[in-house]
>>> print(open('query.cif').read())   # mmCIF, C-alpha atoms
data_coords
#
loop_
_atom_site.label_atom_id
_atom_site.label_comp_id
_atom_site.auth_asym_id
_atom_site.auth_seq_id
_atom_site.Cartn_x
_atom_site.Cartn_y
_atom_site.Cartn_z
CA MET A 1 -35.54 21.94 14.17
CA ASN A 2 -37.37 24.83 15.89
CA LEU A 3 -36.32 26.65 19.05
CA GLN A 4 -38.72 24.76 21.32
CA GLN A 5 -37.21 21.48 20.14
CA LEU A 6 -33.75 22.86 20.84
CA ILE A 7 -34.78 23.70 24.41
CA ALA A 8 -36.22 20.22 24.91
CA GLN A 9 -32.98 18.76 23.61
CA ALA A 10 -31.05 20.38 26.45
CA GLU A 11 -33.27 18.63 29.01
CA GLN A 12 -33.00 15.12 27.60
CA THR A 13 -31.02 12.55 29.54
CA HIS A 14 -27.72 11.80 27.87
CA GLN A 15 -24.46 10.10 28.71
CA GLN A 16 -21.62 12.19 30.02
CA PRO A 17 -19.51 12.62 26.88
CA TYR A 18 -16.04 12.56 28.39
CA HIS A 19 -14.61 11.22 31.62
CA ASP A 20 -11.96 13.38 33.26
CA SER A 21 -10.30 12.13 36.42
CA THR A 22 -7.92 15.08 36.75
CA PHE A 23 -10.04 16.39 39.62
CA GLU A 24 -8.30 13.77 41.77
CA SER A 25 -5.07 15.75 41.34
CA CYS A 26 -6.51 18.84 43.07
CA ILE A 27 -4.38 19.68 46.14
CA LYS A 28 -6.88 22.27 47.44
CA CYS A 29 -4.40 25.13 47.18
CA THR A 30 -7.18 27.55 46.03
CA ALA A 31 -4.91 29.19 43.42
CA CYS A 32 -7.82 28.83 41.00
CA THR A 33 -10.20 30.70 43.28
CA ALA A 34 -7.66 33.48 43.78
CA VAL A 35 -7.65 34.27 40.04
CA CYS A 36 -11.35 33.64 39.36
CA PRO A 37 -12.97 36.87 38.07
CA VAL A 38 -16.48 35.70 38.99
CA SER A 39 -15.90 34.71 42.62
CA ARG A 40 -14.37 38.15 43.23
CA ASN A 41 -17.50 39.89 41.98
CA ASN A 42 -20.43 37.53 42.62
CA PRO A 43 -20.80 36.11 46.15
CA ALA A 44 -23.31 33.55 44.85
CA TYR A 45 -20.50 31.72 43.05
CA PRO A 46 -18.43 29.53 45.40
CA GLY A 47 -15.36 29.56 43.18
CA PRO A 48 -13.75 27.08 40.79
CA LYS A 49 -12.25 24.76 43.41
CA GLN A 50 -15.59 24.12 45.09
CA ALA A 51 -17.56 24.14 41.81
CA GLY A 52 -15.00 22.02 39.96
CA PRO A 53 -12.95 19.27 41.66
CA ASP A 54 -14.64 19.45 45.08
CA GLY A 55 -18.09 19.45 43.52
CA GLU A 56 -17.22 16.64 41.12
CA ARG A 57 -16.46 14.29 44.00
CA LEU A 58 -19.89 15.03 45.44
CA ARG A 59 -21.71 14.76 42.10
CA LEU A 60 -20.20 11.36 41.41
CA LYS A 61 -21.52 10.13 44.75
CA ASN A 62 -24.97 11.64 44.29
CA PRO A 63 -26.12 13.70 41.26
CA MET A 64 -28.62 15.44 43.55
CA LEU A 65 -25.65 17.29 45.06
CA TYR A 66 -25.28 19.34 41.87
CA ASP A 67 -24.99 23.04 42.76
CA GLU A 68 -26.95 25.43 40.55
CA ALA A 69 -24.32 28.12 41.25
CA LEU A 70 -22.20 26.49 38.53
CA LYS A 71 -24.21 28.56 36.05
CA TYR A 72 -22.20 31.63 37.10
CA CYS A 73 -18.91 30.25 35.71
CA THR A 74 -17.85 32.16 32.57
CA ASN A 75 -15.59 29.37 31.22
CA CYS A 76 -12.71 31.85 31.03
CA LYS A 77 -10.28 29.03 32.02
CA ARG A 78 -8.08 31.31 34.10
CA CYS A 79 -8.50 28.71 36.86
CA GLU A 80 -6.85 26.12 34.62
CA ILE A 81 -3.93 28.45 33.89
CA ALA A 82 -3.37 28.97 37.63
CA CYS A 83 -3.72 25.31 38.65
CA PRO A 84 -0.31 23.82 39.56
CA SER A 85 -1.67 20.28 39.18
CA GLY A 86 -3.06 20.51 35.67
CA VAL A 87 -6.71 20.02 36.69
CA LYS A 88 -9.11 20.86 33.84
CA ILE A 89 -11.36 22.86 36.18
CA GLY A 90 -13.27 24.84 33.57
CA ASP A 91 -13.92 21.75 31.47
CA ILE A 92 -15.17 19.86 34.54
CA ILE A 93 -17.64 22.65 35.30
CA VAL A 94 -18.98 22.89 31.73
CA ARG A 95 -19.49 19.11 31.52
CA ALA A 96 -21.14 19.04 34.94
CA ARG A 97 -23.61 21.74 33.89
CA ASP A 98 -24.47 19.81 30.74
CA HIS A 99 -24.68 16.39 32.40
CA TYR A 100 -26.19 17.15 35.81
CA GLY A 101 -27.70 20.60 35.39
CA LYS A 102 -29.97 20.03 32.37
CA GLY A 103 -31.42 23.53 32.65
CA LYS A 104 -32.04 23.42 36.42
CA GLY A 105 -32.64 26.85 37.87
CA LYS A 106 -33.61 28.33 34.47
CA SER A 107 -37.06 29.59 33.64
CA LYS A 108 -38.63 28.69 30.29
CA ILE A 109 -37.90 32.21 29.11
CA GLN A 110 -34.23 31.84 30.01
CA LYS A 111 -34.07 28.52 28.18
CA LEU A 112 -35.60 30.09 25.09
CA ARG A 113 -33.16 33.00 25.31
CA ASP A 114 -30.21 30.64 25.65
CA ALA A 115 -31.41 28.67 22.62
CA ILE A 116 -31.60 31.88 20.56
CA LEU A 117 -28.19 33.15 21.71
CA SER A 118 -26.40 29.85 21.14
CA ASN A 119 -27.83 28.93 17.71
CA THR A 120 -25.68 31.43 15.85
CA ASP A 121 -25.98 29.84 12.40
CA LEU A 122 -29.76 29.87 12.58
CA MET A 123 -29.92 33.50 13.71
CA GLY A 124 -27.27 34.61 11.22
CA THR A 125 -28.97 32.91 8.29
CA MET A 126 -32.29 34.50 9.25
CA ASN A 127 -30.95 38.02 9.83
CA THR A 128 -28.20 38.76 7.28
CA PRO A 129 -30.62 39.07 4.31
CA PHE A 130 -32.51 41.74 6.26
CA ALA A 131 -29.55 43.23 8.13
CA PRO A 132 -30.36 46.96 7.62
CA ILE A 133 -33.87 46.46 9.00
CA VAL A 134 -32.81 44.07 11.78
CA ASN A 135 -29.96 46.34 12.91
CA THR A 136 -32.22 49.38 13.00
CA ILE A 137 -34.89 47.59 15.02
CA THR A 138 -32.49 45.96 17.52
CA GLY A 139 -30.73 49.31 17.98
CA LEU A 140 -33.89 50.98 19.29
CA LYS A 141 -34.16 51.56 23.04
CA ALA A 142 -37.73 50.28 22.92
CA THR A 143 -36.56 47.00 21.35
CA ARG A 144 -33.83 46.52 23.94
CA PHE A 145 -36.32 47.24 26.71
CA LEU A 146 -38.69 44.66 25.25
CA LEU A 147 -35.93 42.04 24.94
CA ASP A 148 -34.99 42.64 28.56
CA LYS A 149 -38.53 42.21 29.83
CA THR A 150 -39.36 39.20 27.64
CA LEU A 151 -36.14 37.25 26.98
CA LYS A 152 -33.93 38.62 29.78
CA VAL A 153 -31.32 40.03 27.38
CA ASP A 154 -30.09 43.06 29.27
CA GLN A 155 -31.30 46.33 27.77
CA ARG A 156 -28.00 48.03 28.59
CA ARG A 157 -26.31 45.85 25.98
CA SER A 158 -25.95 46.93 22.37
CA LEU A 159 -26.62 43.87 20.24
CA PRO A 160 -23.96 43.02 17.63
CA LYS A 161 -24.84 44.22 14.14
CA TYR A 162 -25.39 41.81 11.27
CA SER A 163 -23.77 42.20 7.88
CA PHE A 164 -25.97 42.63 4.83
CA GLY A 165 -24.98 39.34 3.23
CA SER A 166 -22.58 36.71 4.53
CA PHE A 167 -18.82 36.47 4.06
CA ARG A 168 -19.24 33.03 2.53
CA ASN A 169 -21.54 34.34 -0.21
CA TRP A 170 -19.18 37.24 -0.90
CA TYR A 171 -16.23 34.84 -1.17
CA LYS A 172 -17.98 32.57 -3.68
CA LYS A 173 -18.91 35.51 -5.91
CA ASN A 174 -15.78 37.64 -5.61
CA ALA A 175 -12.76 35.69 -4.37
CA ALA A 176 -12.96 31.92 -4.91
CA GLU A 177 -11.68 31.83 -8.48
CA ARG A 178 -8.74 34.16 -7.85
CA GLN A 179 -7.69 32.39 -4.65
CA SER A 180 -7.53 29.05 -6.45
CA LEU A 181 -4.74 30.40 -8.69
CA TYR A 182 -2.18 30.63 -5.88
CA ARG A 183 0.28 27.77 -5.63
CA ASP A 184 0.45 27.96 -1.83
CA LYS A 185 -2.86 27.97 -0.01
CA VAL A 186 -4.32 27.88 3.47
CA ALA A 187 -7.83 26.81 4.56
CA TYR A 188 -9.82 29.33 6.57
CA TYR A 189 -12.39 28.40 9.23
CA HIS A 190 -14.16 31.75 9.35
CA GLY A 191 -16.73 31.03 12.07
CA CYS A 192 -20.05 32.75 12.70
CA TYR A 193 -18.70 36.19 13.59
CA VAL A 194 -16.91 36.74 10.28
CA ASN A 195 -19.66 35.08 8.28
CA TYR A 196 -22.61 36.99 9.68
CA ASN A 197 -21.27 40.01 11.57
CA ASN A 198 -17.91 41.09 10.21
CA PRO A 199 -17.11 39.84 6.67
CA GLU A 200 -14.58 42.67 6.42
CA LEU A 201 -12.25 40.76 8.75
CA GLY A 202 -12.35 37.79 6.38
CA LYS A 203 -11.56 40.08 3.44
CA GLU A 204 -8.64 41.58 5.38
CA LEU A 205 -7.30 38.11 6.12
CA ILE A 206 -7.34 37.35 2.40
CA LYS A 207 -5.45 40.59 1.68
CA VAL A 208 -2.78 39.74 4.24
CA PHE A 209 -2.26 36.19 2.97
CA ASN A 210 -2.29 37.32 -0.66
CA ALA A 211 0.44 39.83 0.21
CA MET A 212 2.50 36.80 1.27
CA ASP A 213 1.63 35.07 -2.03
CA ILE A 214 -0.73 32.62 -0.31
CA GLY A 215 -4.28 31.89 -1.42
CA VAL A 216 -7.16 31.44 1.01
CA VAL A 217 -9.74 28.70 0.49
CA LEU A 218 -12.78 27.91 2.60
CA LEU A 219 -13.96 24.59 3.94
CA GLU A 220 -16.54 23.01 1.66
CA LYS A 221 -19.02 23.57 4.49
CA GLU A 222 -18.77 24.57 8.12
CA LYS A 223 -20.99 25.08 11.14
CA CYS A 224 -20.64 27.10 14.33
CA CYS A 225 -17.82 25.61 16.42
CA GLY A 226 -20.43 24.74 19.07
CA LEU A 227 -18.95 26.65 22.00
CA PRO A 228 -22.13 28.70 22.65
CA LEU A 229 -24.11 25.45 22.64
CA MET A 230 -21.71 23.78 25.09
CA VAL A 231 -21.89 26.55 27.67
CA ASN A 232 -25.63 27.15 27.34
CA GLY A 233 -26.80 23.59 27.97
CA PHE A 234 -27.10 22.09 24.49
CA PRO A 235 -24.35 19.44 24.46
CA GLN A 236 -26.03 17.08 22.01
CA LYS A 237 -26.35 19.79 19.35
CA ALA A 238 -22.75 20.81 20.07
CA MET A 239 -21.60 17.22 19.54
CA SER A 240 -23.48 17.00 16.26
CA GLN A 241 -21.84 20.18 15.00
CA ALA A 242 -18.43 19.03 16.22
CA GLU A 243 -18.77 15.79 14.24
CA PHE A 244 -19.75 17.75 11.13
CA ASN A 245 -16.86 20.19 11.44
CA ILE A 246 -14.32 17.45 12.11
CA GLN A 247 -15.40 15.71 8.88
CA GLN A 248 -14.98 18.95 6.93
CA LEU A 249 -11.60 19.69 8.53
CA GLU A 250 -10.39 16.17 7.76
CA LYS A 251 -11.29 16.69 4.10
CA VAL A 252 -9.01 19.71 3.65
CA VAL A 253 -6.18 18.05 5.58
CA ALA A 254 -6.39 14.64 3.90
CA GLU A 255 -7.48 15.59 0.38
CA LYS A 256 -5.82 18.99 -0.05
CA SER A 257 -2.95 18.76 2.46
CA LEU A 258 -3.76 22.24 3.75
CA GLU A 259 -3.22 23.85 7.11
CA ILE A 260 -6.29 25.44 8.73
CA VAL A 261 -6.32 28.92 10.25
CA GLY A 262 -8.91 30.68 12.39
CA THR A 263 -9.27 34.33 13.38
CA SER A 264 -11.36 33.69 16.50
CA SER A 265 -9.32 32.63 19.53
CA SER A 266 -12.27 30.87 21.19
CA CYS A 267 -13.43 29.08 18.02
CA THR A 268 -9.89 27.95 17.26
CA LEU A 269 -9.38 26.67 20.81
CA THR A 270 -12.70 24.83 20.61
CA LEU A 271 -11.83 23.09 17.33
CA LYS A 272 -8.35 22.21 18.56
CA ASP A 273 -8.94 21.23 22.21
CA GLU A 274 -12.52 21.43 23.43
CA TYR A 275 -13.93 18.91 20.98
CA GLU A 276 -11.82 16.34 22.77
CA HIS A 277 -11.76 17.73 26.33
CA ILE A 278 -15.44 18.61 26.70
CA LEU A 279 -17.30 16.62 24.04
CA GLY A 280 -15.04 13.58 23.86
CA LYS A 281 -14.79 13.78 20.07
CA ASP A 282 -11.75 12.39 18.28
CA ASN A 283 -10.13 15.24 16.36
CA SER A 284 -6.64 13.69 16.34
CA LYS A 285 -6.38 13.72 12.54
CA VAL A 286 -6.81 17.49 12.37
CA LYS A 287 -5.74 18.85 15.76
CA GLY A 288 -2.13 19.43 14.74
CA HIS A 289 -3.22 21.28 11.59
CA ILE A 290 -5.47 23.85 13.30
CA ASN A 291 -3.76 27.20 13.87
CA LEU A 292 -4.59 30.61 15.25
CA VAL A 293 -3.91 32.87 12.28
CA THR A 294 -1.42 35.20 13.99
CA ARG A 295 0.67 32.26 15.23
CA TYR A 296 0.66 30.74 11.76
CA ILE A 297 1.76 33.97 10.05
CA TYR A 298 4.44 34.66 12.67
CA LYS A 299 5.97 31.21 12.14
CA LEU A 300 5.99 31.66 8.34
CA LEU A 301 7.77 35.00 8.65
CA GLU A 302 10.27 33.78 11.24
CA SER A 303 11.20 30.76 9.14
CA GLY A 304 11.96 33.02 6.19
CA GLU A 305 9.50 31.05 4.11
CA LYS A 306 7.39 34.13 3.38
CA THR A 307 7.66 37.90 3.68
CA LEU A 308 5.00 40.50 4.47
CA PRO A 309 5.56 44.02 3.10
CA LEU A 310 4.54 46.49 5.81
CA LYS A 311 4.59 50.30 5.82
CA PRO A 312 4.96 52.46 8.96
CA LEU A 313 1.79 52.76 11.02
CA PRO A 314 2.24 55.59 13.56
CA LEU A 315 -0.44 54.54 16.03
CA ARG A 316 -0.55 53.99 19.78
CA VAL A 317 -2.50 50.80 20.44
CA ALA A 318 -3.26 48.69 23.50
CA TYR A 319 -3.37 44.91 23.45
CA HIS A 320 -6.00 43.09 25.53
CA THR A 321 -5.20 39.47 26.33
CA ALA A 322 -8.36 37.43 25.79
CA CYS A 323 -8.84 34.60 28.29
CA HIS A 324 -8.71 31.76 25.77
CA MET A 325 -5.62 33.29 24.16
CA GLU A 326 -3.83 33.06 27.49
CA LYS A 327 -5.09 29.53 28.08
CA ALA A 328 -3.77 28.37 24.70
CA GLY A 329 -0.42 30.18 25.05
CA TRP A 330 -0.90 32.11 21.80
CA VAL A 331 -0.42 35.67 23.08
CA PRO A 332 3.36 35.95 22.39
CA TYR A 333 2.83 35.12 18.71
CA THR A 334 0.28 37.91 18.22
CA ILE A 335 2.44 40.40 20.12
CA GLU A 336 5.63 39.61 18.22
CA LEU A 337 3.77 39.71 14.91
CA LEU A 338 2.37 43.17 15.66
CA ARG A 339 5.81 44.39 16.69
CA LYS A 340 6.91 43.82 13.11
CA ILE A 341 4.75 46.81 12.08
CA PRO A 342 7.08 49.84 11.77
CA GLY A 343 6.16 52.89 13.84
CA LEU A 344 3.55 51.09 15.94
CA GLU A 345 3.54 51.78 19.69
CA LEU A 346 2.13 48.66 21.35
CA VAL A 347 1.12 48.73 25.02
CA MET A 348 0.25 45.54 26.90
CA LEU A 349 -2.75 46.04 29.17
CA ASN A 350 -2.85 44.38 32.58
CA SER A 351 -5.74 42.26 31.37
CA GLN A 352 -7.78 39.99 33.60
CA CYS A 353 -11.05 39.16 31.90
CA CYS A 354 -13.25 41.61 30.02
CA GLY A 355 -16.31 39.99 31.62
CA ILE A 356 -18.55 39.33 28.63
CA ALA A 357 -17.54 35.67 28.10
CA GLY A 358 -19.49 35.14 24.88
CA THR A 359 -23.24 35.05 25.57
CA TYR A 360 -22.74 35.29 29.37
CA GLY A 361 -22.64 39.07 29.61
CA PHE A 362 -25.75 39.58 27.48
CA LYS A 363 -27.96 37.90 30.06
CA SER A 364 -29.78 40.22 32.46
CA GLU A 365 -28.87 38.16 35.52
CA ASN A 366 -25.15 38.40 34.65
CA TYR A 367 -24.84 41.99 33.44
CA GLU A 368 -23.70 43.57 36.72
CA THR A 369 -21.12 40.84 37.34
CA SER A 370 -19.93 41.10 33.74
CA GLN A 371 -19.32 44.84 34.00
CA ALA A 372 -17.72 44.57 37.44
CA ILE A 373 -15.26 41.99 36.10
CA GLY A 374 -14.27 44.24 33.22
CA ASN A 375 -14.17 47.51 35.13
CA SER A 376 -10.41 47.63 35.76
CA LEU A 377 -9.79 46.89 32.08
CA PHE A 378 -12.14 49.68 31.02
CA GLN A 379 -10.33 52.14 33.31
CA GLN A 380 -6.95 51.24 31.82
CA ILE A 381 -8.28 51.74 28.31
CA GLU A 382 -9.84 55.12 29.08
CA ALA A 383 -6.70 56.36 30.81
CA GLY A 384 -4.29 55.26 28.08
CA ASN A 385 -5.07 57.68 25.25
CA PHE A 386 -4.91 54.85 22.70
CA ASP A 387 -5.89 55.08 19.05
CA TYR A 388 -7.23 51.52 19.17
CA VAL A 389 -7.47 48.48 21.38
CA ILE A 390 -6.41 45.17 19.82
CA SER A 391 -7.77 41.73 20.71
CA ASP A 392 -8.03 38.32 19.01
CA CYS A 393 -11.51 37.66 20.49
CA GLU A 394 -14.69 38.98 18.91
CA THR A 395 -16.73 39.01 22.12
CA CYS A 396 -13.94 40.93 23.89
CA LYS A 397 -14.29 43.42 21.02
CA TRP A 398 -18.02 43.73 21.68
CA GLN A 399 -17.41 44.35 25.37
CA ILE A 400 -14.68 46.93 24.81
CA ASP A 401 -16.65 48.73 22.08
CA MET A 402 -19.73 48.82 24.34
CA SER A 403 -18.00 49.75 27.58
CA THR A 404 -15.31 52.23 26.54
CA SER A 405 -14.87 55.16 24.17
CA ARG A 406 -12.32 53.22 22.08
CA THR A 407 -12.72 50.86 19.14
CA CYS A 408 -11.32 47.35 19.38
CA LEU A 409 -9.73 45.81 16.28
CA HIS A 410 -8.52 42.33 15.40
CA PRO A 411 -4.72 41.99 14.86
CA ILE A 412 -5.37 41.01 11.23
CA THR A 413 -7.18 44.32 10.69
CA LEU A 414 -4.10 46.17 11.95
CA LEU A 415 -1.83 44.15 9.65
CA ALA A 416 -4.12 44.92 6.71
CA MET A 417 -3.94 48.62 7.57
CA ALA A 418 -0.13 48.39 7.51
CA LEU A 419 0.17 46.57 4.18
CA ALA A 420 2.41 48.37 1.72
CA LYS A 421 0.16 49.00 -1.25
#
>>> encode(input="query.cif", output="structure tokens")
Amino acid sequence: MNLQQLIAQAEQTHQQPYHDSTFESCIKCTACTAVCPVSRNNPAYPGPKQAGPDGERLRLKNPMLYDEALKYCTNCKRCEIACPSGVKIGDIIVRARDHYGKGKGKSKIQKLRDAILSNTDLMGTMNTPFAPIVNTITGLKATRFLLDKTLKVDQRRSLPKYSFGSFRNWYKKNAAERQSLYRDKVAYYHGCYVNYNNPELGKELIKVFNAMDIGVVLLEKEKCCGLPLMVNGFPQKAMSQAEFNIQQLEKVVAEKSLEIVGTSSSCTLTLKDEYEHILGKDNSKVKGHINLVTRYIYKLLESGEKTLPLKPLPLRVAYHTACHMEKAGWVPYTIELLRKIPGLELVMLNSQCCGIAGTYGFKSENYETSQAIGNSLFQQIEAGNFDYVISDCETCKWQIDMSTSRTCLHPITLLAMALAK
């Protein structure tokens, strides 16, 4: 399927995949609007209460009442955390954009850009074999200027670098046989970022689990979790990929009796919750077996089932709470796991949202809002004299690396650094 077909797919009429009546529970307290990072920085966005439950009542009466301003929502889900009534505000907005929006308010260039940004497997497969050339070309100011003027990818953004070869290919050649020898194993959903951009994180995860005498196996096959497709107006493709991934996840659970871990907070949340909440896909057979990796390791260590030999790591690091980490309630597990590293000084940042929200912050029309949202976070990082910033989200890493003088690492990278050789 080519990119033009993918754009056309977003505009086809389709049934709303999931009915959510929680909007009826909204008590109009505006707690969601008070915490919304977008409404504070972009006056064109009316806020989650009006865009979510209020707007849903109108849209159900007349689809013509759909408000194009919904495109400004970052899907950070901080509105859902604040809601005292349990309204799935962010989910309502994403589904409304997919069902009623169908690309309204987007130019053909923007639709093409969104197709390119959200089809991560396609772009990764095309670019990893030529990574040194691709990275050099996309790093040029002239290239970024051209992308801004043609595809509306903001030229002030540094595009993520591709790895020369995928993690999956490396694993098959260098790790698969050895990992199969371990009695205890875990299945790893590596996602697009590790596969195409940062295979080193996948290798570090293997080192950490091997240090606990646990082998790491991959799913037979996997596709992008589909989150970029959901938020960019390609729900049908997202549903197709969700169905594929659920089948693969069910295989490792049913046939191998393995637990599944993920390093990406957003991918893991999508597999575990969003397939059901946004796409209406039944993932009940695997939902309870999908784990954020830091939570999984913490529970193993606390139960006394496994040990992890760690040496002192005399570093001062800051922890940034990614939005989807807070939504899922996983932050305490990462924090307590990192506190097991001897000599580490861990500082919790007063995190709101970094502002990049996946593909959102790469778009020219969103760049100023994205940077305004993250500004207070950037100031904290610059003032803290930290050796590193730590976050479980890869796009938060991109934003912090691009917008501050510090490098952002995944918690697993820090654990790998602290392994006693």
>>> residues_around(input="query.cif", residues="Lys71 in chain A", least_positions_apart="6", cutoff="12 Å", atoms="all atoms listed in the file", output="PyMOL selection string")
chain A and resi 38+42+44-48+51-52+90+93-98+100-106+231-233+360+363+365-366
>>> atom_distance(input="query.cif", atom1="CA of Arg295 in chain A", atom2="CA of Gly343 in chain A")
21.4 Å
>>> atom_distance(input="query.cif", atom1="CA of Tyr296 in chain A", atom2="CA of Leu337 in chain A")
10.0 Å
>>> resolve_selection(input="query.cif", expression="the PyMOL selection byres ((chain A and resi 166) around 6)", output="list in words")
Gly165, Phe167, Arg168, Asn169, Asn195 and Tyr196 of chain A
>>> closest_residue(input="query.cif", among="A:Ala142, A:Val186, A:Met230, A:Cys79", to="Leu218 in chain A", atoms="all atoms listed in the file")
A:Val186
>>> closest_residue(input="query.cif", among="A:Pro309, A:Pro411, A:Thr22, A:Tyr367", to="Glu336 in chain A", atoms="all atoms listed in the file")
A:Pro411
>>> closest_residue(input="query.cif", among="A:Phe23, A:Tyr72, A:Tyr319, A:Trp398", to="Arg57 in chain A", atoms="only C-alpha atoms")
A:Phe23
>>> atom_distance(input="query.cif", atom1="CA of Thr294 in chain A", atom2="CA of Glu204 in chain A")
12.9 Å
>>> closest_residue(input="query.cif", among="A:Thr120, A:Cys353, A:Lys311, A:Tyr182", to="Leu415 in chain A", atoms="all atoms listed in the file")
A:Lys311
>>> closest_residue(input="query.cif", among="A:His277, A:Arg406, A:Lys111, A:Lys173", to="Ile92 in chain A", atoms="all atoms listed in the file")
A:His277
>>> resolve_selection(input="query.cif", expression="the PyMOL selection byres ((chain A and resi 249) around 12)", output="count of residues only")
40
>>> closest_residue(input="query.cif", among="A:Lys237, A:Lys161, A:Lys281, A:Lys77", to="Phe130 in chain A", atoms="all atoms listed in the file")
A:Lys161
>>> resolve_selection(input="query.cif", expression="the PyMOL selection byres ((chain A and resi 326) around 12)", output="ChimeraX atom specification")
/A:76-82,265-266,269,320-325,327-334,351-353,391-393
